Every structure is written in structure tokens, then in C-alpha cells.
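Structure data (compact mmCIF, C-alpha atoms) from data_36.txt:
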```txt
# COMPACT_ATOMS: atom_id res chain seq x y z
CA MET A 246 -6.88 -14.75 -65.95
CA ILE A 247 -10.07 -16.13 -64.48
CA LEU A 248 -8.06 -18.83 -62.79
CA ARG A 249 -5.80 -16.21 -61.30
CA SER A 250 -8.70 -14.19 -59.91
CA LEU A 251 -10.32 -17.30 -58.48
CA GLU A 252 -7.04 -18.23 -56.93
CA CYS A 253 -6.83 -14.81 -55.32
CA ARG A 254 -10.32 -15.13 -54.02
CA PHE A 255 -10.30 -18.60 -52.59
CA LEU A 256 -6.73 -19.72 -52.13
CA THR A 257 -5.53 -16.67 -50.35
CA ILE A 258 -3.37 -17.37 -47.36
CA ALA A 259 -3.10 -13.78 -46.17
CA LEU A 260 -4.86 -13.47 -42.85
CA CYS A 261 -7.23 -10.70 -41.95
CA ASP A 262 -5.58 -8.39 -39.45
CA ALA A 263 -7.51 -5.20 -40.10
CA ALA A 264 -11.13 -4.21 -40.27
CA GLU A 265 -12.57 -4.52 -43.78
CA PRO A 266 -15.78 -3.18 -45.33
CA TRP A 267 -18.90 -5.15 -44.46
CA GLN A 268 -17.00 -7.44 -42.25
CA LEU A 269 -18.91 -10.09 -40.35
CA GLY A 270 -17.19 -11.96 -37.59
CA SER A 271 -13.80 -11.53 -36.01
CA GLN A 272 -10.46 -10.80 -37.51
CA ASP A 273 -8.06 -13.69 -37.66
CA ALA A 274 -6.46 -14.60 -34.40
CA ALA A 275 -2.87 -13.60 -33.77
CA THR A 276 -2.70 -14.61 -30.12
CA PRO A 277 -3.89 -17.67 -28.24
CA MET A 278 -6.22 -15.32 -26.39
CA MET A 279 -8.04 -14.29 -29.55
CA GLN A 280 -8.19 -17.91 -30.67
CA GLY A 281 -9.85 -18.69 -27.36
CA ILE A 282 -12.32 -15.86 -27.82
CA ILE A 283 -13.26 -17.05 -31.31
CA ASP A 284 -13.65 -20.62 -30.10
CA LEU A 285 -15.84 -19.51 -27.22
CA HIS A 286 -17.96 -17.52 -29.63
CA HIS A 287 -18.47 -20.63 -31.73
CA ASP A 288 -19.22 -22.74 -28.66
CA ILE A 289 -21.87 -20.32 -27.51
CA PHE A 290 -23.28 -20.07 -30.99
CA PHE A 291 -24.05 -23.78 -30.89
CA PHE A 292 -26.36 -23.25 -27.92
CA LEU A 293 -27.72 -20.09 -29.46
CA ILE A 294 -28.81 -21.90 -32.63
CA LEU A 295 -30.22 -24.76 -30.56
CA ILE A 296 -32.36 -22.39 -28.51
CA LEU A 297 -33.38 -20.36 -31.55
CA VAL A 298 -34.63 -23.44 -33.41
CA PHE A 299 -36.46 -24.83 -30.38
CA VAL A 300 -38.17 -21.58 -29.41
CA SER A 301 -39.14 -20.75 -32.99
CA ARG A 302 -40.64 -24.18 -33.43
CA MET A 303 -42.78 -23.77 -30.30
CA LEU A 304 -43.84 -20.29 -31.28
CA VAL A 305 -44.73 -21.11 -34.87
CA ARG A 306 -46.54 -24.27 -33.83
CA ALA A 307 -48.62 -22.41 -31.26
CA LEU A 308 -49.52 -19.73 -33.77
CA TRP A 309 -50.32 -22.31 -36.40
CA HIS A 310 -52.66 -24.32 -34.24
CA PHE A 311 -54.39 -21.34 -32.64
CA ASN A 312 -57.07 -21.31 -35.26
CA GLU A 313 -60.85 -21.02 -34.91
CA GLN A 314 -61.70 -23.33 -37.80
CA THR A 315 -59.34 -26.24 -37.11
CA ASN A 316 -59.16 -26.02 -33.32
CA PRO A 317 -62.32 -24.37 -32.00
CA ILE A 318 -61.54 -25.34 -28.38
CA PRO A 319 -58.03 -24.29 -27.35
CA GLN A 320 -55.88 -26.23 -24.91
CA ARG A 321 -56.31 -25.02 -21.36
CA ILE A 322 -53.16 -26.25 -19.60
CA VAL A 323 -52.23 -23.75 -16.91
CA HIS A 324 -50.14 -25.99 -14.67
CA GLY A 325 -47.82 -28.98 -15.03
CA THR A 326 -45.15 -30.01 -12.54
CA THR A 327 -43.05 -32.11 -14.91
CA ILE A 328 -42.79 -29.50 -17.62
CA GLU A 329 -42.00 -26.81 -15.08
CA ILE A 330 -39.16 -28.83 -13.64
CA ILE A 331 -37.80 -29.55 -17.10
CA ARG A 332 -37.96 -25.96 -18.24
CA THR A 333 -36.14 -24.83 -15.11
CA ILE A 334 -33.41 -27.44 -15.06
CA PHE A 335 -32.67 -27.51 -18.76
CA PRO A 336 -31.84 -23.79 -19.23
CA SER A 337 -29.64 -23.80 -16.15
CA VAL A 338 -27.71 -26.74 -17.55
CA ILE A 339 -27.26 -24.78 -20.77
CA LEU A 340 -26.04 -21.78 -18.81
CA LEU A 341 -23.61 -24.02 -16.98
CA PHE A 342 -22.22 -25.31 -20.26
CA ILE A 343 -21.71 -21.73 -21.39
CA ALA A 344 -20.25 -20.58 -18.08
CA ILE A 345 -17.53 -23.21 -17.77
CA PRO A 346 -15.55 -22.38 -20.95
CA SER A 347 -16.33 -18.73 -20.47
CA PHE A 348 -14.75 -18.53 -17.03
CA ALA A 349 -11.86 -20.72 -18.09
CA LEU A 350 -11.09 -18.27 -20.86
CA LEU A 351 -11.63 -15.25 -18.67
CA TYR A 352 -9.16 -16.36 -16.04
CA SER A 353 -6.59 -17.59 -18.52
CA MET A 354 -6.72 -14.19 -20.16
CA ASP A 355 -5.35 -12.31 -17.21
CA GLY A 356 -2.21 -14.35 -17.02
CA VAL A 357 -0.59 -11.59 -15.05
CA LEU A 358 1.77 -13.94 -13.27
CA VAL A 359 3.69 -14.94 -16.37
CA ASP A 360 7.10 -13.30 -16.45
CA PRO A 361 7.06 -11.04 -19.48
CA ALA A 362 10.09 -10.41 -21.66
CA ILE A 363 9.30 -6.87 -22.69
CA THR A 364 7.28 -4.05 -21.20
CA ILE A 365 5.74 -1.52 -23.54
CA LYS A 366 3.85 1.47 -22.28
CA ALA A 367 1.03 2.84 -24.40
CA ILE A 368 0.13 6.32 -23.25
CA GLY A 369 -2.98 7.87 -24.69
CA HIS A 370 -3.11 11.56 -25.51
CA GLN A 371 -5.62 13.78 -27.19
CA TRP A 372 -5.20 12.74 -29.97
CA TYR A 373 -2.29 10.49 -30.52
CA ARG A 374 -0.50 7.77 -28.67
CA THR A 375 2.92 7.74 -27.14
CA TYR A 376 4.79 4.48 -26.80
CA GLU A 377 7.58 4.05 -24.32
CA TYR A 378 10.08 1.21 -24.40
CA SER A 379 11.83 1.76 -21.12
CA ASP A 380 13.52 -1.59 -20.56
CA TYR A 381 16.71 -0.20 -22.07
CA ASN A 382 16.94 3.00 -20.07
CA SER A 383 19.81 3.80 -17.84
CA SER A 384 18.40 7.06 -16.50
CA ASP A 385 15.03 8.67 -15.97
CA GLU A 386 15.47 11.14 -18.81
CA GLN A 387 16.75 8.97 -21.62
CA SER A 388 14.07 6.73 -22.99
CA LEU A 389 12.97 5.10 -26.22
CA THR A 390 9.78 7.06 -26.74
CA PHE A 391 7.88 8.01 -29.85
CA ASP A 392 4.52 9.44 -30.79
CA SER A 393 2.19 7.62 -33.10
CA TYR A 394 -0.10 9.88 -35.09
CA THR A 395 -2.69 8.79 -37.60
CA ILE A 396 -2.05 9.38 -41.30
CA PRO A 397 -4.60 12.10 -42.20
CA GLU A 398 -7.53 11.22 -44.41
CA ASP A 399 -6.23 13.05 -47.48
CA ASP A 400 -2.71 11.74 -47.15
CA PRO A 401 -2.53 7.93 -47.28
CA GLU A 402 -0.25 6.22 -49.75
CA LEU A 403 -1.41 3.45 -52.01
CA GLY A 404 -2.12 0.35 -49.96
CA GLN A 405 -2.64 2.09 -46.67
CA SER A 406 -6.00 1.80 -45.01
CA ARG A 407 -7.94 4.98 -44.51
CA LEU A 408 -7.74 6.23 -40.92
CA LEU A 409 -6.09 3.01 -39.83
CA GLU A 410 -2.48 3.77 -40.58
CA VAL A 411 -0.10 5.62 -38.27
CA ASP A 412 3.25 7.23 -38.86
CA ASN A 413 5.14 5.28 -36.19
CA ARG A 414 4.03 1.73 -35.57
CA VAL A 415 4.51 -0.17 -32.34
CA VAL A 416 7.15 -2.76 -33.10
CA VAL A 417 6.91 -5.89 -30.99
CA PRO A 418 8.64 -9.26 -31.25
CA ALA A 419 6.50 -12.23 -32.17
CA LYS A 420 6.24 -15.32 -29.96
CA THR A 421 7.31 -13.36 -26.90
CA HIS A 422 5.41 -12.48 -23.76
CA LEU A 423 4.69 -8.78 -23.80
CA ARG A 424 3.44 -6.65 -20.98
CA MET A 425 1.43 -3.71 -22.20
CA ILE A 426 1.01 -0.96 -19.64
CA VAL A 427 -1.87 1.23 -20.74
CA THR A 428 -2.44 4.65 -19.27
CA PRO A 429 -3.57 8.05 -20.56
CA ALA A 430 -2.19 11.50 -19.92
CA ASP A 431 -5.47 13.40 -20.13
CA VAL A 432 -8.87 11.75 -20.67
CA PRO A 433 -9.85 8.07 -20.62
CA HIS A 434 -8.58 6.20 -23.64
CA SER A 435 -8.54 2.63 -24.74
CA TRP A 436 -5.97 0.45 -26.42
CA ALA A 437 -7.57 -2.22 -28.57
CA VAL A 438 -6.19 -4.58 -31.18
CA PRO A 439 -8.87 -7.05 -32.32
CA SER A 440 -6.49 -9.61 -33.80
CA SER A 441 -4.70 -9.86 -30.49
CA GLY A 442 -7.92 -10.10 -28.52
CA VAL A 443 -6.87 -7.09 -26.46
CA LYS A 444 -9.00 -4.21 -25.37
CA CYS A 445 -7.64 -2.35 -22.41
CA ASP A 446 -9.12 0.81 -21.04
CA ALA A 447 -6.77 3.59 -20.03
CA VAL A 448 -7.91 5.47 -16.98
CA PRO A 449 -6.19 8.68 -15.85
CA GLY A 450 -3.97 8.18 -12.84
CA ARG A 451 -3.99 4.44 -13.18
CA SER A 452 -1.91 2.06 -15.23
CA ASN A 453 -3.56 -1.04 -16.56
CA LEU A 454 -1.79 -4.15 -17.61
CA THR A 455 -2.62 -6.47 -20.42
CA SER A 456 -0.35 -9.24 -21.57
CA ILE A 457 -0.18 -10.46 -25.13
CA SER A 458 1.91 -12.95 -26.99
CA VAL A 459 1.63 -12.45 -30.74
CA GLN A 460 2.08 -15.77 -32.49
CA ARG A 461 2.87 -14.69 -36.01
CA GLU A 462 4.63 -11.82 -37.65
CA GLY A 463 2.40 -9.25 -39.26
CA VAL A 464 0.82 -5.85 -39.00
CA TYR A 465 -2.22 -5.60 -36.77
CA TYR A 466 -4.66 -2.73 -36.79
CA GLY A 467 -6.88 -1.50 -34.04
CA GLN A 468 -8.86 1.56 -33.14
CA CYS A 469 -9.64 3.42 -30.00
CA SER A 470 -12.56 1.91 -28.11
CA GLU A 471 -13.43 4.66 -25.70
CA ILE A 472 -15.39 7.62 -26.94
CA ARG A 473 -13.44 10.59 -25.73
CA GLY A 474 -13.76 13.68 -27.87
CA THR A 475 -13.70 15.09 -31.36
CA ASN A 476 -10.79 13.12 -32.75
CA HIS A 477 -11.81 9.84 -31.18
CA ALA A 478 -12.07 8.23 -34.59
CA PHE A 479 -8.64 9.35 -35.66
CA THR A 480 -6.34 7.54 -33.27
CA PRO A 481 -5.73 4.10 -34.67
CA ILE A 482 -3.29 1.58 -33.28
CA VAL A 483 -0.87 -0.30 -35.47
CA VAL A 484 1.16 -3.14 -34.05
CA GLU A 485 3.94 -4.56 -36.17
CA ALA A 486 5.12 -7.95 -35.03
CA VAL A 487 8.59 -8.92 -36.18
CA THR A 488 11.10 -11.59 -35.22
CA LEU A 489 12.96 -11.14 -31.98
CA LYS A 490 16.20 -10.46 -33.85
CA ASP A 491 14.61 -7.76 -35.99
CA TYR A 492 13.12 -6.29 -32.87
CA ALA A 493 16.52 -6.05 -31.22
CA ASP A 494 17.86 -4.39 -34.38
CA TRP A 495 15.00 -1.95 -34.41
CA VAL A 496 15.48 -1.07 -30.77
CA SER A 497 19.17 -0.43 -31.13
CA ASN A 498 18.60 1.70 -34.22
CA GLN A 499 15.95 3.68 -32.40
CA LEU A 500 18.24 4.16 -29.43
CA ILE A 501 20.96 5.52 -31.72
CA LEU A 502 18.44 7.83 -33.37
CA GLN A 503 17.20 9.12 -30.05
CA THR A 504 20.61 9.70 -28.54
CA ASN A 505 21.93 11.55 -31.60
CA MET B 67 14.48 -12.77 7.28
CA ALA B 68 14.21 -9.43 8.95
CA ALA B 69 11.06 -10.38 10.85
CA GLU B 70 12.50 -13.55 12.29
CA GLY B 71 10.86 -13.61 15.72
CA LYS B 72 7.59 -12.04 14.66
CA VAL B 73 4.49 -13.44 13.07
CA PRO B 74 5.36 -13.89 9.37
CA THR B 75 3.81 -11.29 7.12
CA LEU B 76 1.42 -12.27 4.39
CA ALA B 77 4.17 -11.74 1.86
CA GLU B 78 6.50 -14.09 3.66
CA GLU B 79 3.89 -16.78 4.00
CA TYR B 80 3.29 -16.89 0.29
CA SER B 81 6.80 -16.39 -0.97
CA LEU B 82 9.07 -19.25 -1.88
CA PRO B 83 12.16 -19.75 0.28
CA PRO B 84 15.10 -17.94 -1.32
CA LYS B 85 17.27 -20.34 -3.23
CA GLU B 86 21.01 -20.27 -2.78
CA VAL B 87 21.80 -21.58 -6.27
CA PRO B 88 20.68 -19.06 -8.87
CA VAL B 89 22.33 -20.84 -11.77
CA GLU B 90 19.48 -22.93 -13.18
CA LYS B 91 16.63 -20.44 -13.15
CA PRO B 92 17.80 -16.84 -13.05
CA ALA B 93 14.38 -15.33 -13.74
CA GLU B 94 12.59 -17.16 -10.93
CA GLU B 95 15.33 -16.53 -8.44
CA LYS B 96 15.42 -12.84 -9.14
CA SER B 97 11.74 -12.28 -8.62
CA THR B 98 11.52 -14.23 -5.39
CA THR B 99 14.50 -12.63 -3.72
CA SER B 100 13.46 -9.15 -4.66
CA THR B 101 10.02 -9.66 -3.23
CA VAL B 102 11.12 -11.37 -0.07
CA ALA B 103 13.80 -8.85 0.65
CA GLU B 104 11.75 -5.81 -0.03
CA VAL B 105 8.31 -6.57 1.28
CA VAL B 106 9.59 -7.11 4.75
CA PRO B 107 11.32 -3.79 5.37
CA GLN B 108 8.50 -1.96 3.72
CA LYS B 109 6.16 -3.03 6.48
CA ASP B 110 8.64 -2.72 9.29
CA THR B 111 10.13 0.69 8.69
CA GLU B 112 6.96 2.42 9.67
CA THR B 113 7.76 1.48 13.24
CA SER B 114 11.54 1.11 13.35
CA PRO B 115 13.85 2.75 10.84
CA ALA B 116 16.70 0.55 12.04
CA ASP B 117 15.43 -2.32 9.91
CA GLU B 118 15.89 -0.32 6.81
CA THR B 119 19.60 -0.79 6.73
CA ALA B 120 19.37 -4.40 7.70
CA ALA B 121 17.10 -5.43 4.87
CA PRO B 122 19.10 -4.35 1.82
CA VAL B 123 22.27 -5.79 3.35
CA GLU B 124 20.91 -9.27 3.59
CA GLU B 125 19.33 -8.82 0.22
CA LYS B 126 22.80 -8.31 -1.20
CA SER B 127 23.95 -11.58 0.26
CA GLU B 128 21.14 -13.58 -1.28
CA THR B 129 20.87 -11.82 -4.61
CA PRO B 130 24.04 -12.42 -6.60
CA GLU B 131 22.90 -9.84 -9.17
CA VAL B 132 21.58 -11.96 -12.01
CA LYS B 133 21.84 -9.78 -15.05
CA GLU B 134 21.64 -12.23 -17.91
CA PRO B 135 18.16 -12.91 -19.30
CA GLU B 136 16.81 -16.32 -20.27
CA ALA B 137 19.16 -18.22 -22.47
CA GLU B 138 17.21 -18.29 -25.72
CA GLU B 139 16.54 -14.60 -25.60
CA ALA B 140 20.16 -13.68 -25.12
CA ILE B 141 21.08 -15.15 -28.49
CA PRO B 142 19.53 -12.54 -30.80
CA SER B 143 20.99 -9.65 -28.88
CA THR B 144 24.46 -11.00 -29.27
CA GLU B 145 23.92 -11.86 -32.91
CA GLU B 146 22.59 -8.45 -33.58
CA SER B 147 25.82 -6.69 -32.77
CA ASP B 148 27.75 -8.36 -35.58
CA GLU B 149 24.88 -8.26 -38.09
CA ALA B 150 25.21 -4.61 -38.98
CA PRO B 151 28.90 -3.94 -39.25
CA GLU B 152 28.62 -0.32 -40.39
CA GLU B 153 27.45 0.91 -37.01
CA THR B 154 28.71 -1.70 -34.58
CA GLU B 155 30.98 0.72 -32.80
CA GLU B 156 28.08 2.64 -31.28
CA LYS B 157 25.28 0.07 -31.33
CA PRO B 158 24.11 -0.50 -27.76
CA GLU B 159 23.59 -4.09 -26.77
CA ILE B 160 19.93 -4.95 -26.36
CA VAL B 161 19.13 -7.21 -23.46
CA ILE B 162 15.59 -8.53 -23.64
CA GLU B 163 14.67 -8.27 -20.02
CA THR B 164 12.04 -6.47 -18.01
CA ALA B 165 10.53 -6.26 -14.57
CA PRO B 166 9.35 -9.72 -13.52
CA ALA B 167 5.75 -10.50 -12.71
CA ASP B 168 5.15 -9.74 -9.07
CA PHE B 169 2.83 -11.81 -6.93
CA ARG B 170 2.00 -8.75 -4.86
CA PHE B 171 0.29 -7.20 -7.87
CA PRO B 172 -1.59 -9.96 -9.65
CA THR B 173 -4.33 -7.68 -10.96
CA THR B 174 -4.84 -5.66 -14.10
CA ASN B 175 -4.28 -2.49 -12.11
CA GLN B 176 -0.53 -2.06 -11.98
CA THR B 177 -0.45 1.47 -10.61
CA ARG B 178 0.70 0.32 -7.21
CA HIS B 179 3.31 -1.97 -8.75
CA CYS B 180 4.99 0.96 -10.42
CA PHE B 181 4.74 3.13 -7.31
CA THR B 182 6.12 0.42 -5.04
CA ARG B 183 9.09 -0.19 -7.30
CA TYR B 184 9.80 3.52 -7.36
CA VAL B 185 9.66 3.72 -3.57
CA GLU B 186 11.77 0.57 -3.24
CA TYR B 187 14.47 2.06 -5.41
CA HIS B 188 14.66 5.28 -3.46
CA ARG B 189 14.64 3.52 -0.13
CA CYS B 190 17.39 1.26 -1.37
CA VAL B 191 19.42 4.28 -2.44
CA ALA B 192 18.74 5.98 0.87
CA ALA B 193 20.01 2.95 2.72
CA LYS B 194 22.93 1.94 0.52
CA GLY B 195 24.15 5.14 -1.07
CA ASP B 196 23.74 6.62 -4.48
CA ASP B 197 25.72 4.18 -6.59
CA ALA B 198 24.93 0.91 -4.89
CA PRO B 199 24.81 -1.71 -7.66
CA GLU B 200 22.02 -3.73 -6.05
CA CYS B 201 19.59 -0.81 -6.27
CA GLU B 202 20.01 -0.57 -10.00
CA LYS B 203 17.55 -3.38 -10.69
CA PHE B 204 14.78 -1.53 -8.87
CA ALA B 205 15.50 1.47 -11.04
CA LYS B 206 15.14 -0.71 -14.12
CA TYR B 207 11.88 -2.11 -12.78
CA TYR B 208 10.25 1.21 -12.08
CA ARG B 209 11.42 2.65 -15.38
CA SER B 210 9.85 -0.29 -17.14
CA LEU B 211 6.60 -0.04 -15.23
CA CYS B 212 6.01 3.66 -14.70
CA PRO B 213 5.01 6.14 -17.38
CA SER B 214 7.86 8.64 -17.62
CA GLU B 215 5.49 11.47 -16.88
CA TRP B 216 4.76 10.00 -13.47
CA VAL B 217 8.44 9.51 -12.73
CA GLU B 218 9.15 13.11 -13.63
CA ARG B 219 6.40 14.31 -11.35
CA TRP B 220 7.56 12.14 -8.47
CA ASN B 221 11.16 13.25 -8.90
CA GLU B 222 9.95 16.81 -8.68
CA GLN B 223 7.92 16.02 -5.59
CA ARG B 224 10.89 14.38 -3.93
CA GLU B 225 12.98 17.47 -4.55
CA ASN B 226 10.28 19.63 -3.03
CA GLY B 227 9.80 17.21 -0.17
CA THR B 228 6.15 16.63 -1.01
CA PHE B 229 6.43 13.03 -2.20
CA PRO B 230 3.50 11.12 -0.65
CA GLY B 231 5.22 7.75 -0.36
CA PRO B 232 7.23 6.28 2.54
CA LEU B 233 10.77 7.16 1.52
```

Take the structure in this file and express it as C-alpha cells.
Amino acid sequence: MILRSLECRFLTIALCDAAEPWQLGSQDAATPMMQGIIDLHHDIFFFLILILVFVSRMLVRALWHFNEQTNPIPQRIVHGTTIEIIRTIFPSVILLFIAIPSFALLYSMDGVLVDPAITIKAIGHQWYRTYEYSDYNSSDEQSLTFDSYTIPEDDPELGQSRLLEVDNRVVVPAKTHLRMIVTPADVPHSWAVPSSGVKCDAVPGRSNLTSISVQREGVYYGQCSEIRGTNHAFTPIVVEAVTLKDYADWVSNQLILQTN
Amino acid sequence: MAAEGKVPTLAEEYSLPPKEVPVEKPAEEKSTTSTVAEVVPQKDTETSPADETAAPVEEKSETPEVKEPEAEEAIPSTEESDEAPEETEEKPEIVIETAPADFRFPTTNQTRHCFTRYVEYHRCVAAKGDDAPECEKFAKYYRSLCPSEWVERWNEQRENGTFPGPL
């Protein structure tokens, strides 16, 4: 029994794709983009710790030695060319080391010029989301469109996360280049899925693009990231990544449902 | 090229020369030809509407209508039809294919991309007639890129004659 519980605690292979209580740090990466973001965070944290230790040491040492009994005459250095050069050059080198991976990630993230396989439109409404899969349309009217409402607070089934679950999930194929077109129909919205490393603002009258390529099958949860009214907190995003074959099945079933 | 004798437009300068053999790389071929063929008339028709007819004609000659997607993505769609035998008779075939990335719109803001594709389709139809097969791809592109609400509004505006684009 104890062994079983320990096994659950430490040998779990389920990855974290939703926010959890008292969470520190990121959710597990589902896209190369998110992996890059996590790695950059760790890279920067190295410099952060370095600076923290160095500055604290100087501060504590100065406070420690500024003491009337042990050091009645304080140091009176007001000028020093060498130390001024060092303390100018050294931080800029650190900034350079942060900037290089940061820009590399930034520019690799808007890989807009990759040919996507699927376009999905996420349209924000007050207060739900509409998803359009229009690659399979043959006319302007007919379209694979569905609304995605949150499951109300008093209604979730066992195993569903509170205020994170929706009635219709966005189904996407894994390991495929996706083009997400994000736009609202009324007020500014945002489409954010932390595991995918995506946060795309939706601005009225404008359609924004973000491209993702989910690397593993799973269910990914996100929440709106643009404060926009009373039900801001009640419009989660659920992305369900499946195999390409299952995706094709799902699409054809949906098309049959919508035409009938 | 439609603008043979003139100074090449920015679009022409940056586009790849249209390939005559579309067999090896259908996706690449499709995106280049569509951009080359369509950017040119878009600029020219403001001055001379005669070019409008010329451009889609030569586009037909260099675009042999590549409809099949990349090879590995075609497999599941074909498999899928015989997987579920109880509803095969009405199951539509799913082709995993969408509007290609366009070098004219390399930014996050894709509003103009959608609008341009919509205008391109309707200009193509105006030049070639309602059921010209080569216009169909532009229709697919704008349907993929534009929110349906926008398309509805633009269709309405076209009927009323208040559409703001160069049709």
C-alpha cells in the first residue's frame, strides 16, 4: 500500500498539462516552443542566482563591517577607474548572454513561414469561444464550427477540473503544424495554452496568427489571459491532441453531424 | 510575367521563378505560383484593367492544379474511409490541406492575408467566370483564413456594392 502510494508520487509518468493548486514553475512542455521557453527560463535563472549571490555578499559584507567598534574609521573610496570599468563591462556581458538565446527563441517562435497543415480559427465571444475548421468547406455557409462553453462551477463530473473544462474541446492532430487564427467578435480576448507556450491576444477587427506543433497526444488546458468583463474567469480553453488518423475521423464525423 | 517590360515589383524580386515540374514538391510549387500570378495583377489593375484577364490566364498555364497534399498526410485520410464501415457511404474524405504560408504576410497580423485572398478569389471569378476551377483554391484559402463572420459581412457588402476592396 505504502509502496503503491510512493510509486504514484514519485514514479508518475503523467505530465502536467493543466494548472494545479500551489503550482510553482511551468506546466510540462507539449511543443518545442514551450520547451524553448522553459530552457530559456533556466538559462536566465543561472545568471539570476549568480547576481543574487554576488550582490548579497557585497551588501552583507558592507553592513557587517560598518561597525563603530571594529572599524572606527570607514573606507573613503569615492573613485576608482578599474572598478568602474569592470562594473560597466561585466553587466553588459551578462545582458548579452541573456539576449542571445532570448532573441533566438523569440524569432524562432514566429515561424510564420512554415507551411501549416491545418488552420483553426479561435473566435472569442462574451463569454465562450467558437472554433472554426474551415479547411473542409466547399461554400461560405457550410462550415465545421462549434461553440466551446465552460462547464459551470456546480456541474463538473468526477475528474474534471473546476472552471477548466469545456463542453466541446478543440481537437487537433499531434505532430502537425497548426495555424491558429485568433480573433474576437466583440471585445479583446486572448487564447492561451501554457503547455503549448502559446498566448495570443485577440483584437477586434484583426486576426492574429500563432503556429503550434503539439508533440504528444493529450489534453491541454488554458485560460483566457485578457481581462475583459464579468465572465473573464469562466472561459477556459481545452485542446485535445490526437493522432492524425483520429483527427480525420473526428472531422468527418463532425461534418456528418453538421450537415444532418 | 505580366509586368515583363517594367521594373519588377517587390513581390517579383523576392519570389522564386515558377517551376514547370510540380511533381516533386506540390506544396512549394503551389504557394509560389499563386503568389507570383496574383501579386502582379493586383498592382497593375489600378491603372489598366486589361491586365486582369491576362494574369489569371497565364496562371492557369503554370499552375496545373495540385490538389493532393503532402504524401504522408494523405495516408490517414484514405485509411479513414475504410476504418468505419457503418457510415462509409456518406463519410466525406478529409484532405489535410490548408492555405500555404505566404511570404507577403510574414507577420502575426494576418488580417490582410485573409482580405487579400478574398479579393483575389473574387477578382479571379470576375475574370474567369463563376465556375472556373482555378479560382477554387483561392476560395479555399480565404475560407481557411477568414472568420466566417467577416466573409458574411463582405458578401453582404459586395451585394450592396459597398465592398471597400479593389474588386

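Those residues that approach Ala486 (chain A) to within 8 Å, counting all atoms listed in the file, are Val416, Val417, Pro418, Ala419, Val459, Arg461, Glu462, Gly463, Val464 and Tyr465 of chain A; same-chain residues fewer than 6 positions away are not listed.
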
List as a compact mmCIF listing (two decimals) with C-alpha atoms, in the coordinates of the input the residues having at least one atom at most 12 Å from position (2.5, 9.5, -1.1) as given in the file, counting only C-alpha atoms.
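The result, written out as part-v6.txt:
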```txt
# COMPACT_ATOMS: atom_id res chain seq x y z
CA ARG B 178 0.70 0.32 -7.21
CA PHE B 181 4.74 3.13 -7.31
CA THR B 182 6.12 0.42 -5.04
CA TYR B 184 9.80 3.52 -7.36
CA VAL B 185 9.66 3.72 -3.57
CA ARG B 219 6.40 14.31 -11.35
CA TRP B 220 7.56 12.14 -8.47
CA GLN B 223 7.92 16.02 -5.59
CA ARG B 224 10.89 14.38 -3.93
CA GLY B 227 9.80 17.21 -0.17
CA THR B 228 6.15 16.63 -1.01
CA PHE B 229 6.43 13.03 -2.20
CA PRO B 230 3.50 11.12 -0.65
CA GLY B 231 5.22 7.75 -0.36
CA PRO B 232 7.23 6.28 2.54
CA LEU B 233 10.77 7.16 1.52
```

Give me, please, the distance in Å between CA of Asn382 (chain A) and CA of Gly369 (chain A), quoted to one decimal. 21.0 Å

Using only C-alpha atoms, I'd like every residue of chain A that has an atom within 8 Å of chain B; please write them out as a PyMOL selection string. chain A and resi 355+357-366+368+377-383+385+426+428+450-455+489-490+493-494+496-498+500-501

Between A:Ala447, A:Leu295, A:Ile289, A:Ile318, single out the one closest to Val432 (chain A), counting all atoms listed in the file. A:Ala447

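With distances taken over all atoms listed in the file, A:Gln371 is the one residue among A:Gln371, A:Gln280, A:Ser388, A:Asn316 lying closest to Phe479 (chain A).
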